>>> print(open('final36.csv').read())   # CSV, C-alpha atoms and all ligand atoms
chain,number,residue,atom,x,y,z
A,1380,MET,CA,-15.0,27.0,1.5
A,1381,ASN,CA,-12.7,30.1,1.0
A,1382,ARG,CA,-12.2,31.7,-2.4
A,1383,ARG,CA,-8.9,29.9,-3.0
A,1384,ASP,CA,-10.5,26.5,-2.3
A,1385,PHE,CA,-13.3,27.4,-4.6
A,1386,LEU,CA,-11.0,28.4,-7.4
A,1387,THR,CA,-9.1,25.1,-7.0
A,1388,THR,CA,-12.3,23.2,-7.2
A,1389,ALA,CA,-13.5,25.1,-10.2
A,1390,THR,CA,-10.3,24.4,-12.0
A,1391,THR,CA,-10.6,20.8,-11.1
A,1392,ALA,CA,-14.1,20.6,-12.5
A,1393,SER,CA,-13.1,22.2,-15.7
A,1394,VAL,CA,-10.5,19.5,-16.4
A,1395,ALA,CA,-12.9,16.7,-15.4
A,1396,LEU,CA,-12.2,13.7,-17.5
A,1397,THR,CA,-13.5,12.9,-21.0
A,1398,LEU,CA,-13.1,9.2,-21.0
A,1399,GLY,CA,-12.9,7.1,-24.2
A,1400,GLY,CA,-13.4,10.2,-26.3
A,1401,CYS,CA,-17.0,10.6,-25.1
A,1402,ASN,CA,-17.0,14.4,-24.6
A,1403,ASP,CA,-20.6,14.6,-23.6
A,1404,ASP,CA,-20.5,11.7,-21.2
A,1405,ASN,CA,-20.8,13.3,-17.8
A,1406,HIS,CA,-18.7,11.0,-15.7
A,1407,GLN,CA,-20.1,12.0,-12.3
A,1408,ALA,CA,-23.7,11.5,-13.4
A,1409,ILE,CA,-23.2,7.9,-14.3
A,1410,ASP,CA,-25.6,5.4,-12.6
A,1411,TYR,CA,-23.2,2.8,-11.3
A,1412,SER,CA,-25.9,0.4,-10.5
A,1413,LYS,CA,-26.4,-0.2,-14.2
A,1414,HIS,CA,-22.7,-1.2,-14.6
A,1415,PRO,CA,-22.1,-3.5,-11.6
A,1416,HIS,CA,-19.8,-5.7,-13.7
A,1417,ALA,CA,-18.3,-3.2,-16.0
A,1418,LYS,CA,-15.1,-4.8,-17.2
A,1419,ARG,CA,-12.6,-4.8,-20.0
A,1420,ASP,CA,-13.9,-6.8,-22.9
A,1421,ASP,CA,-11.3,-7.4,-25.6
A,1422,ASN,CA,-14.0,-8.1,-28.2
A,1423,LYS,CA,-15.4,-4.6,-27.8
A,1424,ARG,CA,-12.3,-2.6,-28.1
A,1425,VAL,CA,-12.5,1.2,-28.0
A,1426,ASN,CA,-9.5,2.6,-29.6
A,1427,ILE,CA,-7.8,5.9,-29.0
A,1428,ASN,CA,-9.4,8.9,-30.6
A,1429,LYS,CA,-6.1,10.8,-31.4
A,1430,ASN,CA,-8.0,14.1,-31.5
A,1431,LYS,CA,-9.1,14.0,-27.9
A,1432,LYS,CA,-7.1,13.9,-24.7
A,1433,THR,CA,-8.3,11.7,-21.9
A,1434,VAL,CA,-7.7,13.0,-18.4
A,1435,ILE,CA,-7.7,10.7,-15.3
A,1436,LYS,CA,-8.0,12.2,-11.9
A,1437,LEU,CA,-5.8,10.3,-9.5
A,1438,ALA,CA,-5.7,11.2,-5.7
A,1439,THR,CA,-3.0,9.8,-3.4
A,1440,SER,CA,-2.7,9.3,0.3
A,1441,TRP,CA,0.8,10.9,0.3
A,1442,PRO,CA,1.9,14.5,0.3
A,1443,ALA,CA,3.3,15.9,-3.0
A,1444,HIS,CA,6.7,14.6,-3.9
A,1445,PHE,CA,6.7,12.2,-0.9
A,1446,PRO,CA,9.9,10.1,-1.3
A,1447,ILE,CA,9.5,6.9,-3.3
A,1448,MET,CA,5.7,6.4,-2.9
A,1449,GLY,CA,4.8,9.9,-4.0
A,1450,THR,CA,7.6,10.4,-6.5
A,1451,GLY,CA,6.9,6.9,-7.8
A,1452,VAL,CA,3.4,7.8,-8.7
A,1453,GLU,CA,4.7,11.0,-10.4
A,1454,LYS,CA,7.0,8.9,-12.5
A,1455,PHE,CA,4.1,6.6,-13.4
A,1456,ALA,CA,2.0,9.6,-14.5
A,1457,GLN,CA,4.8,10.9,-16.7
A,1458,ARG,CA,5.4,7.5,-18.2
A,1459,VAL,CA,1.7,7.1,-19.1
A,1460,LYS,CA,1.8,10.5,-20.8
A,1461,ASP,CA,5.0,9.7,-22.7
A,1462,ILE,CA,3.9,6.2,-23.9
A,1463,SER,CA,0.5,7.4,-24.9
A,1464,GLY,CA,2.0,10.3,-26.9
A,1465,GLY,CA,0.1,12.7,-24.6
A,1466,SER,CA,-3.3,11.3,-25.3
A,1467,LEU,CA,-3.7,10.0,-21.8
A,1468,GLU,CA,-3.0,12.3,-18.8
A,1469,ILE,CA,-3.0,11.3,-15.2
A,1470,LYS,CA,-3.7,14.4,-13.2
A,1471,LEU,CA,-2.3,13.9,-9.7
A,1472,TYR,CA,-3.9,15.2,-6.5
A,1473,PRO,CA,-1.6,14.7,-3.5
A,1474,LYS,CA,-3.4,14.1,-0.1
A,1475,ASN,CA,-5.9,16.6,1.0
A,1476,VAL,CA,-5.8,18.6,-2.2
A,1477,LEU,CA,-9.0,17.2,-3.6
A,1478,VAL,CA,-9.9,14.5,-1.0
A,1479,PRO,CA,-8.5,13.7,2.4
A,1480,ALA,CA,-5.7,11.1,2.5
A,1481,LEU,CA,-7.9,8.3,3.8
A,1482,ALA,CA,-11.1,9.3,1.8
A,1483,VAL,CA,-9.6,8.3,-1.5
A,1484,PHE,CA,-11.3,4.8,-1.5
A,1485,ASP,CA,-14.8,6.3,-1.1
A,1486,ALA,CA,-14.1,9.1,-3.5
A,1487,CYS,CA,-13.0,6.6,-6.2
A,1488,SER,CA,-15.8,4.2,-5.4
A,1489,SER,CA,-18.4,7.0,-5.9
A,1490,GLY,CA,-16.7,8.3,-9.1
A,1491,GLN,CA,-15.6,11.6,-7.6
A,1492,ILE,CA,-12.1,10.6,-8.7
A,1493,ASP,CA,-11.0,8.0,-11.3
A,1494,ALA,CA,-8.2,6.4,-9.4
A,1495,PHE,CA,-6.1,6.5,-6.2
A,1496,HIS,CA,-2.7,5.4,-4.9
A,1497,SER,CA,-2.7,4.2,-1.3
A,1498,GLY,CA,-2.4,1.0,0.8
A,1499,PRO,CA,-5.1,-1.7,1.1
A,1500,TYR,CA,-4.8,-2.1,4.9
A,1501,TYR,CA,-6.2,1.4,5.4
A,1502,TRP,CA,-9.6,-0.1,4.3
A,1503,LYS,CA,-9.8,-2.9,6.8
A,1504,GLY,CA,-12.8,-1.2,8.5
A,1505,LYS,CA,-14.8,-1.8,5.3
A,1506,ASN,CA,-13.7,-5.4,5.0
A,1507,SER,CA,-11.0,-7.0,7.2
A,1508,ALA,CA,-9.9,-9.1,4.2
A,1509,PHE,CA,-8.5,-6.0,2.5
A,1510,SER,CA,-5.7,-5.8,5.0
A,1511,LEU,CA,-4.4,-9.1,3.6
A,1512,TYR,CA,-3.8,-7.5,0.2
A,1513,SER,CA,-1.1,-5.4,2.0
A,1514,GLY,CA,0.5,-8.5,3.4
A,1515,LEU,CA,0.6,-10.7,6.4
A,1516,PRO,CA,2.9,-10.6,9.5
A,1517,PHE,CA,5.4,-13.5,9.1
A,1518,GLY,CA,4.0,-13.9,5.6
A,1519,PHE,CA,5.2,-13.2,2.0
A,1520,THR,CA,8.3,-11.3,1.1
A,1521,ALA,CA,7.8,-8.6,-1.6
A,1522,GLU,CA,8.8,-11.1,-4.3
A,1523,GLU,CA,6.5,-13.8,-2.9
A,1524,ILE,CA,3.5,-11.6,-2.7
A,1525,ASN,CA,3.9,-10.4,-6.3
A,1526,SER,CA,4.1,-14.0,-7.3
A,1527,TRP,CA,0.9,-14.8,-5.3
A,1528,MET,CA,-0.9,-11.8,-6.8
A,1529,LEU,CA,0.0,-12.5,-10.4
A,1530,PHE,CA,0.3,-16.3,-10.5
A,1531,GLY,CA,-1.4,-17.6,-7.3
A,1532,GLY,CA,-4.9,-16.1,-7.6
A,1533,GLY,CA,-4.4,-13.0,-5.4
A,1534,LEU,CA,-5.2,-10.3,-7.9
A,1535,GLU,CA,-8.4,-12.1,-9.0
A,1536,LEU,CA,-9.6,-12.3,-5.4
A,1537,TRP,CA,-8.7,-8.7,-4.8
A,1538,ARG,CA,-10.5,-7.5,-7.9
A,1539,GLU,CA,-13.6,-9.7,-7.1
A,1540,GLN,CA,-13.8,-8.2,-3.6
A,1541,TYR,CA,-13.1,-4.6,-4.7
A,1542,ALA,CA,-15.7,-4.9,-7.5
A,1543,LYS,CA,-18.4,-4.6,-4.8
A,1544,TYR,CA,-17.2,-1.1,-4.4
A,1545,ASN,CA,-16.9,-0.3,-8.2
A,1546,LEU,CA,-13.2,-0.6,-7.9
A,1547,TYR,CA,-10.5,-2.2,-10.0
A,1548,PRO,CA,-7.1,-2.6,-8.3
A,1549,PHE,CA,-3.5,-3.0,-9.6
A,1550,MET,CA,-0.4,-3.5,-7.6
A,1551,GLY,CA,1.2,0.0,-7.3
A,1552,GLY,CA,4.5,-0.6,-5.6
A,1553,ASN,CA,5.9,-2.4,-2.6
A,1554,THR,CA,7.8,-1.0,0.4
A,1555,ASN,CA,9.9,-4.1,0.5
A,1556,ILE,CA,10.7,-5.5,3.9
A,1557,GLN,CA,9.9,-3.1,6.8
A,1558,MET,CA,11.7,-2.6,10.1
A,1559,GLY,CA,10.2,-3.6,13.4
A,1560,GLY,CA,10.4,0.0,14.7
A,1561,TRP,CA,12.0,2.5,17.1
A,1562,PHE,CA,11.8,2.1,20.8
A,1563,ARG,CA,12.7,4.6,23.6
A,1564,LYS,CA,14.0,1.8,25.7
A,1565,PRO,CA,15.6,-1.5,24.8
A,1566,ILE,CA,13.4,-4.6,24.6
A,1567,ASN,CA,15.1,-7.5,26.5
A,1568,SER,CA,12.1,-9.8,26.9
A,1569,LEU,CA,8.3,-10.0,26.2
A,1570,GLU,CA,7.8,-8.5,29.6
A,1571,ASP,CA,9.3,-5.2,28.4
A,1572,MET,CA,6.5,-5.0,25.7
A,1573,GLN,CA,3.7,-5.1,28.2
A,1574,GLY,CA,1.6,-1.9,28.2
A,1575,LEU,CA,3.9,-0.1,25.7
A,1576,LYS,CA,2.2,2.5,23.7
A,1577,MET,CA,3.2,2.0,20.1
A,1578,ARG,CA,2.2,3.5,16.8
A,1579,ILE,CA,1.5,0.4,14.6
A,1580,PRO,CA,-1.3,0.0,12.1
A,1581,GLY,CA,-2.9,-2.9,10.2
A,1582,LEU,CA,-2.7,-6.6,11.1
A,1583,GLY,CA,0.7,-6.0,12.8
A,1584,GLY,CA,-1.1,-3.7,15.3
A,1585,GLU,CA,-3.6,-6.4,16.1
A,1586,VAL,CA,-0.9,-8.9,16.6
A,1587,PHE,CA,1.0,-6.5,18.9
A,1588,SER,CA,-2.2,-5.8,20.8
A,1589,LYS,CA,-2.5,-9.5,21.6
A,1590,MET,CA,1.1,-9.5,22.9
A,1591,GLY,CA,0.3,-6.8,25.5
A,1592,VAL,CA,1.2,-3.7,23.5
A,1593,ASN,CA,-1.2,-0.8,23.3
A,1594,PRO,CA,-1.3,0.1,19.6
A,1595,ILE,CA,-1.9,3.8,18.9
A,1596,LEU,CA,-3.0,5.3,15.5
A,1597,LEU,CA,-1.3,8.5,14.8
A,1598,SER,CA,-0.9,10.5,11.6
A,1599,ALA,CA,2.6,10.9,10.2
A,1600,GLY,CA,2.9,14.4,11.4
A,1601,GLU,CA,2.2,13.5,15.1
A,1602,ILE,CA,4.6,10.6,15.6
A,1603,TYR,CA,7.9,12.4,16.3
A,1604,THR,CA,6.5,14.8,18.9
A,1605,SER,CA,4.5,12.0,20.6
A,1606,LEU,CA,7.7,9.9,20.8
A,1607,GLU,CA,9.8,12.9,22.0
A,1608,ARG,CA,7.3,13.7,24.8
A,1609,GLY,CA,6.8,10.1,25.8
A,1610,VAL,CA,3.1,10.1,24.7
A,1611,ILE,CA,4.1,6.9,22.9
A,1612,ASP,CA,7.0,4.6,23.7
A,1613,ALA,CA,7.6,3.2,20.2
A,1614,THR,CA,6.7,3.5,16.6
A,1615,GLU,CA,7.1,1.5,13.5
A,1616,TRP,CA,7.2,3.4,10.2
A,1617,VAL,CA,8.7,1.8,7.1
A,1618,GLY,CA,12.5,1.3,6.8
A,1619,PRO,CA,15.8,3.2,7.0
A,1620,ALA,CA,15.1,5.3,3.9
A,1621,LEU,CA,12.0,6.9,5.2
A,1622,ASP,CA,12.5,6.5,8.9
A,1623,ILE,CA,15.8,8.5,9.0
A,1624,LYS,CA,14.0,11.5,7.4
A,1625,MET,CA,11.5,11.4,10.3
A,1626,GLY,CA,14.3,11.7,12.9
A,1627,PHE,CA,13.0,9.0,15.2
A,1628,TYR,CA,16.6,8.0,16.0
A,1629,LYS,CA,17.0,11.2,18.0
A,1630,VAL,CA,14.3,10.3,20.5
A,1631,ALA,CA,13.9,6.5,20.3
A,1632,PRO,CA,17.3,5.1,19.4
A,1633,TYR,CA,16.6,1.4,19.7
A,1634,TYR,CA,15.9,0.2,16.2
A,1635,TYR,CA,14.6,-3.3,15.6
A,1636,SER,CA,14.4,-5.6,12.6
A,1637,GLY,CA,10.8,-6.7,12.0
A,1638,TRP,CA,8.4,-9.3,10.8
A,1639,HIS,CA,5.1,-7.5,10.9
A,1640,GLU,CA,5.3,-6.1,7.3
A,1641,PRO,CA,7.7,-8.2,5.3
A,1642,GLY,CA,6.6,-6.9,1.9
A,1643,SER,CA,3.7,-4.4,2.0
A,1644,ILE,CA,1.9,-3.8,-1.2
A,1645,LEU,CA,0.7,-0.3,-2.3
A,1646,GLU,CA,-2.3,-0.1,-4.5
A,1647,LEU,CA,-3.1,1.8,-7.7
A,1648,THR,CA,-6.9,1.4,-7.9
A,1649,PHE,CA,-9.3,2.6,-10.5
A,1650,ASN,CA,-13.0,3.3,-10.5
A,1651,LYS,CA,-14.1,0.1,-12.3
A,1652,TYR,CA,-16.4,1.9,-14.7
A,1653,SER,CA,-13.9,4.6,-15.5
A,1654,PHE,CA,-11.3,2.0,-16.3
A,1655,SER,CA,-13.7,0.0,-18.5
A,1656,LYS,CA,-14.5,3.1,-20.5
A,1657,LEU,CA,-10.8,3.8,-21.3
A,1658,ALA,CA,-9.6,3.0,-24.8
A,1659,PHE,CA,-8.0,-0.5,-25.1
A,1660,GLU,CA,-4.6,1.1,-25.8
A,1661,HIS,CA,-4.9,3.3,-22.7
A,1662,GLN,CA,-5.9,0.3,-20.5
A,1663,SER,CA,-2.8,-1.5,-21.8
A,1664,ILE,CA,-0.6,1.5,-21.2
A,1665,ILE,CA,-1.8,1.6,-17.6
A,1666,GLU,CA,-1.2,-2.1,-17.1
A,1667,VAL,CA,2.3,-1.8,-18.4
A,1668,ALA,CA,3.2,1.4,-16.6
A,1669,SER,CA,1.7,0.2,-13.3
A,1670,SER,CA,3.7,-3.0,-13.5
A,1671,GLU,CA,6.9,-0.9,-14.0
A,1672,MET,CA,5.9,1.3,-11.0
A,1673,ASN,CA,5.2,-1.8,-8.9
A,1674,ALA,CA,8.7,-3.2,-9.6
A,1675,ASN,CA,10.7,0.1,-9.5
A,1676,MET,CA,9.3,1.2,-6.2
A,1677,ALA,CA,10.5,-2.0,-4.5
A,1678,TYR,CA,13.9,-1.6,-6.1
A,1679,GLU,CA,14.1,2.1,-5.1
A,1680,PHE,CA,13.2,1.3,-1.5
A,1681,HIS,CA,16.1,-1.2,-1.5
A,1682,ALA,CA,18.4,1.3,-3.1
A,1683,GLU,CA,17.5,4.1,-0.6
A,1684,ASN,CA,17.5,1.7,2.4
A,1685,ILE,CA,21.1,0.5,1.8
A,1686,LYS,CA,22.3,4.2,1.7
A,1687,ALA,CA,20.3,5.2,4.8
A,1688,LEU,CA,21.6,2.2,6.8
A,1689,GLN,CA,25.1,3.5,6.3
A,1690,LYS,CA,24.0,6.9,7.6
A,1691,LEU,CA,22.4,5.3,10.6
A,1692,LYS,CA,25.7,3.5,11.4
A,1693,GLU,CA,27.4,6.9,11.2
A,1694,LEU,CA,24.9,8.1,13.8
A,1695,ASN,CA,25.8,5.1,16.0
A,1696,ILE,CA,22.4,3.5,15.6
A,1697,ASN,CA,22.7,-0.3,15.6
A,1698,ILE,CA,20.1,-2.7,14.3
A,1699,LEU,CA,18.7,-4.9,17.0
A,1700,GLN,CA,16.6,-8.0,16.9
A,1701,TYR,CA,13.6,-8.8,19.1
A,1702,PRO,CA,14.3,-11.4,21.8
A,1703,LYS,CA,13.1,-14.9,20.9
A,1704,ASP,CA,10.1,-14.8,23.3
A,1705,VAL,CA,8.8,-11.7,21.6
A,1706,THR,CA,8.9,-13.3,18.2
A,1707,GLU,CA,7.4,-16.5,19.4
A,1708,ALA,CA,4.6,-14.6,21.1
A,1709,GLY,CA,4.1,-12.7,17.8
A,1710,LYS,CA,3.5,-16.0,16.0
A,1711,VAL,CA,1.0,-17.2,18.6
A,1712,ALA,CA,-0.8,-13.9,18.5
A,1713,LEU,CA,-1.0,-13.9,14.8
A,1714,GLY,CA,-2.7,-17.3,14.9
A,1715,GLU,CA,-5.3,-15.9,17.3
A,1716,VAL,CA,-5.9,-12.8,15.2
A,1717,ILE,CA,-6.4,-15.0,12.1
A,1718,LYS,CA,-8.8,-17.3,13.8
A,1719,GLU,CA,-10.9,-14.5,15.1
A,1720,LEU,CA,-11.1,-12.6,11.8
A,1721,SER,CA,-11.8,-15.8,9.9
A,1722,ASP,CA,-14.6,-16.7,12.2
A,1723,LYS,CA,-16.1,-13.2,11.8
A,1724,ASN,CA,-15.6,-12.7,8.1
A,1725,LYS,CA,-15.9,-15.3,5.3
A,1726,ASP,CA,-14.0,-13.0,2.9
A,1727,PHE,CA,-11.1,-12.9,5.3
A,1728,LYS,CA,-11.2,-16.6,5.7
A,1729,ARG,CA,-11.2,-17.2,1.9
A,1730,VAL,CA,-8.3,-14.7,1.2
A,1731,TYR,CA,-6.2,-16.0,4.1
A,1732,SER,CA,-6.7,-19.6,3.0
A,1733,SER,CA,-5.4,-18.7,-0.5
A,1734,ILE,CA,-2.4,-17.0,1.1
A,1735,ASN,CA,-1.7,-19.8,3.5
A,1736,ASP,CA,-1.8,-22.5,0.7
A,1737,TYR,CA,0.6,-20.5,-1.4
A,1738,LEU,CA,2.8,-19.5,1.5
A,1739,LYS,CA,3.3,-23.1,2.6
A,1740,LEU,CA,4.7,-24.0,-0.8
A,1741,SER,CA,6.6,-20.7,-1.2
A,1742,LYS,CA,8.3,-21.1,2.2
A,1743,GLU,CA,9.5,-24.5,1.3
A,1744,TRP,CA,11.1,-23.2,-1.9
A,1745,SER,CA,12.4,-20.0,-0.4
A,1746,ASP,CA,14.0,-21.9,2.5
A,1747,ALA,CA,15.7,-24.4,0.2
A,1748,SER,CA,17.1,-21.6,-2.0
A,1749,LEU,CA,17.1,-18.0,-0.8
A,1750,LYS,CA,17.3,-18.6,2.9
A,1751,TYR,CA,20.2,-21.0,2.4
A,1752,PHE,CA,22.0,-18.6,0.2
A,1753,LEU,CA,21.5,-15.5,2.4
A,1754,ASN,CA,22.8,-17.4,5.4
A,1755,GLU,CA,25.9,-18.6,3.5
A,1756,ARG,CA,26.6,-15.3,1.7
B,1801,CA,CA,4.8,0.3,8.4
>>> encode(input="final36.csv", output="structure tokens", more="lines below")
Ligand code: CA
Amino acid sequence: MNRRDFLTTATTASVALTLGGCNDDNHQAIDYSKHPHAKRDDNKRVNINKNKKTVIKLATSWPAHFPIMGTGVEKFAQRVKDISGGSLEIKLYPKNVLVPALAVFDACSSGQIDAFHSGPYYWKGKNSAFSLYSGLPFGFTAEEINSWMLFGGGLELWREQYAKYNLYPFMGGNTNIQMGGWFRKPINSLEDMQGLKMRIPGLGGEVFSKMGVNPILLSAGEIYTSLERGVIDATEWVGPALDIKMGFYKVAPYYYSGWHEPGSILELTFNKYSFSKLAFEHQSIIEVASSEMNANMAYEFHAENIKALQKLKELNINILQYPKDVTEAGKVALGEVIKELSDKNKDFKRVYSSINDYLKLSKEWSDASLKYFLNER
């Protein structure tokens, strides 16, 4: 650790949180085994102590000011400060400042940080069921997954399963529908997918793997160069708004619509004990502000995507669609992936079953209303 790192760490330690006004309550020394089911109890409200400021350490998996995801969290933090009259401060740590981008889950679980903003499918190695909280290929749209989470039992399942890690999740945004990705060569049939090296994470990656694609995991900074040099043949990322900034169109100009991430959820997750110790008003402020962030991020993705699509058209990038045999193979592959993961993991089976029950009904309604309308509009 160099001196600069040390100073950063020292400053961080000096602002370590004083939750619920308990100044002498050393957060990092808490024995979590004694609080396995710490939860909000409305009968035991702790109200704001106006004389003390509560500070929450929140790390993200994004660089500082990262468009929409990063800036969305920054707006959330400002909102919390404003609504709480400054009595609650969310101190943000962009990726790698306090903890590495993909170490936020463990850091929050252990109590090193109080909260994080990231994506649930990054933790599928801990429990494959967690990838389902991001979404499902051919599954829910952004609107449908919000509905399942809030009114179909999704959030309860998620909180129950994260509780084993001392974590308490909220929805923290949605990318809205994502694009299939950028390819160096056009895809005219399933045969063209065979052996392709493609950057694609999550359940989508597992589905593409069954279809003959070779999924590669690369960090954001490595994708462009890998595509340019032909180390990979294709990549998915998010949608026009973020993809255009990555410049993929310059080296892989065939851009396809997609079905692998139709409405991916981002998470705002708290250490369960940290959250339970917050004053009742502060808990309520976080609930309201996270709900605003969840909605606004999806709307902002939409707003930025429609502008970026026009820019792509000016660059002569046309939106293509996968050939029918590719999409059909994707559906078959998804069935196999679900069967395998359900057989291996009862948590996955349980979450998938809840999603599938809701999706069946949701599809019927969405087909009768939205699908009809979009086709006719
Ligand atoms: Ca993606």
>>> closest_residue(input="final36.csv", among="A:Gly1449, A:Pro1594, A:Gly1518, A:Pro1641", to="ligand CA 1801 (chain B)", atoms="all atoms listed in the file")
A:Pro1641
>>> residues_near_ligand(input="final36.csv", ligand="ligand CA 1801 (chain B)", cutoff="7 Å", atoms="all atoms listed in the file", output="list in words")
Gln1557, Glu1615, Trp1616, Val1617 and Glu1640 of chain A
>>> residues_around(input="final36.csv", residues="Pro1473 (chain A)", least_positions_apart="3", cutoff="7 Å", atoms="only C-alpha atoms", output="PyMOL selection string")
chain A and resi 1438-1443+1476
>>> closest_residue(input="final36.csv", among="A:Tyr1501, A:Trp1537, A:Tyr1635, A:Trp1527", to="Asn1697 (chain A)", atoms="all atoms listed in the file")
A:Tyr1635
>>> closest_residue(input="final36.csv", among="A:Glu1719, A:Asp1704, A:Asp1485, A:Glu1646", to="Ser1513 (chain A)", atoms="all atoms listed in the file")
A:Glu1646
>>> residues_near_point(input="final36.csv", point="(8.6, -0.8, -10.6)", cutoff="12 Å", atoms="all atoms listed in the file", output="ChimeraX atom specification")
/A:1447-1448,1450-1452,1454-1455,1458,1521,1525,1550-1555,1644-1645,1666-1681
>>> residues_around(input="final36.csv", residues="Gly1581 (chain A)", least_positions_apart="3", cutoff="12 Å", atoms="only C-alpha atoms", output="tab-separated table (two decimals) with C-alpha atoms, in the frame of the given file")
chain	number	residue	atom	x	y	z
A	1498	GLY	CA	-2.40	1.00	0.80
A	1499	PRO	CA	-5.10	-1.70	1.10
A	1500	TYR	CA	-4.80	-2.10	4.90
A	1501	TYR	CA	-6.20	1.40	5.40
A	1502	TRP	CA	-9.60	-0.10	4.30
A	1503	LYS	CA	-9.80	-2.90	6.80
A	1504	GLY	CA	-12.80	-1.20	8.50
A	1507	SER	CA	-11.00	-7.00	7.20
A	1508	ALA	CA	-9.90	-9.10	4.20
A	1509	PHE	CA	-8.50	-6.00	2.50
A	1510	SER	CA	-5.70	-5.80	5.00
A	1511	LEU	CA	-4.40	-9.10	3.60
A	1512	TYR	CA	-3.80	-7.50	0.20
A	1513	SER	CA	-1.10	-5.40	2.00
A	1514	GLY	CA	0.50	-8.50	3.40
A	1515	LEU	CA	0.60	-10.70	6.40
A	1516	PRO	CA	2.90	-10.60	9.50
A	1578	ARG	CA	2.20	3.50	16.80
A	1584	GLY	CA	-1.10	-3.70	15.30
A	1585	GLU	CA	-3.60	-6.40	16.10
A	1586	VAL	CA	-0.90	-8.90	16.60
A	1587	PHE	CA	1.00	-6.50	18.90
A	1588	SER	CA	-2.20	-5.80	20.80
A	1594	PRO	CA	-1.30	0.10	19.60
A	1595	ILE	CA	-1.90	3.80	18.90
A	1596	LEU	CA	-3.00	5.30	15.50
A	1615	GLU	CA	7.10	1.50	13.50
A	1616	TRP	CA	7.20	3.40	10.20
A	1639	HIS	CA	5.10	-7.50	10.90
A	1640	GLU	CA	5.30	-6.10	7.30
A	1643	SER	CA	3.70	-4.40	2.00
A	1716	VAL	CA	-5.90	-12.80	15.20
>>> closest_residue(input="final36.csv", among="A:Gly1618, A:Pro1702, A:Gly1609, A:Gly1465", to="Arg1563 (chain A)", atoms="all atoms listed in the file")
A:Gly1609
>>> atom_distance(input="final36.csv", atom1="CA of Leu1647 (chain A)", atom2="CA of Leu1597 (chain A)")
23.5 Å
>>> atom_distance(input="final36.csv", atom1="CA of Gly1559 (chain A)", atom2="CA of Thr1614 (chain A)")
8.5 Å
>>> closest_residue(input="final36.csv", among="A:Leu1713, A:Leu1749, A:Ala1708, A:Val1434", to="Val1459 (chain A)", atoms="all atoms listed in the file")
A:Val1434
>>> decode(input="final36.csv", residues="region 1477-1490 of chain A", atoms="N, CA and C atoms", output="CSV table (one decimal), in the first residue's frame")
chain,number,residue,atom,x,y,z
A,1477,LEU,N,-12.5,1.7,-2.9
A,1477,LEU,CA,-12.5,1.1,-1.6
A,1477,LEU,C,-12.4,-0.4,-1.7
A,1478,VAL,N,-13.2,-0.9,-2.7
A,1478,VAL,CA,-13.2,-2.4,-2.9
A,1478,VAL,C,-13.3,-2.6,-4.4
A,1479,PRO,N,-12.7,-3.7,-4.9
A,1479,PRO,CA,-12.8,-4.0,-6.4
A,1479,PRO,C,-14.2,-4.1,-6.8
A,1480,ALA,N,-14.4,-3.8,-8.1
A,1480,ALA,CA,-15.8,-3.8,-8.7
A,1480,ALA,C,-16.6,-5.0,-8.3
A,1481,LEU,N,-16.0,-6.2,-8.4
A,1481,LEU,CA,-16.8,-7.4,-8.2
A,1481,LEU,C,-16.5,-8.0,-6.8
A,1482,ALA,N,-16.0,-7.2,-5.9
A,1482,ALA,CA,-15.9,-7.6,-4.5
A,1482,ALA,C,-16.9,-6.9,-3.6
A,1483,VAL,N,-17.8,-6.2,-4.2
A,1483,VAL,CA,-18.7,-5.4,-3.3
A,1483,VAL,C,-19.7,-6.3,-2.5
A,1484,PHE,N,-20.1,-7.4,-3.1
A,1484,PHE,CA,-21.0,-8.3,-2.5
A,1484,PHE,C,-20.4,-8.8,-1.2
A,1485,ASP,N,-19.2,-9.3,-1.2
A,1485,ASP,CA,-18.5,-9.8,0.0
A,1485,ASP,C,-18.2,-8.7,1.0
A,1486,ALA,N,-17.8,-7.6,0.5
A,1486,ALA,CA,-17.4,-6.5,1.4
A,1486,ALA,C,-18.7,-6.0,2.1
A,1487,CYS,N,-19.8,-6.0,1.5
A,1487,CYS,CA,-21.1,-5.6,2.2
A,1487,CYS,C,-21.5,-6.7,3.1
A,1488,SER,N,-21.4,-8.0,2.7
A,1488,SER,CA,-21.8,-9.1,3.5
A,1488,SER,C,-21.0,-9.1,4.8
A,1489,SER,N,-19.7,-8.8,4.7
A,1489,SER,CA,-18.9,-8.8,6.0
A,1489,SER,C,-19.0,-7.6,6.8
A,1490,GLY,N,-19.6,-6.5,6.2
A,1490,GLY,CA,-19.8,-5.3,7.0
A,1490,GLY,C,-18.7,-4.3,6.7
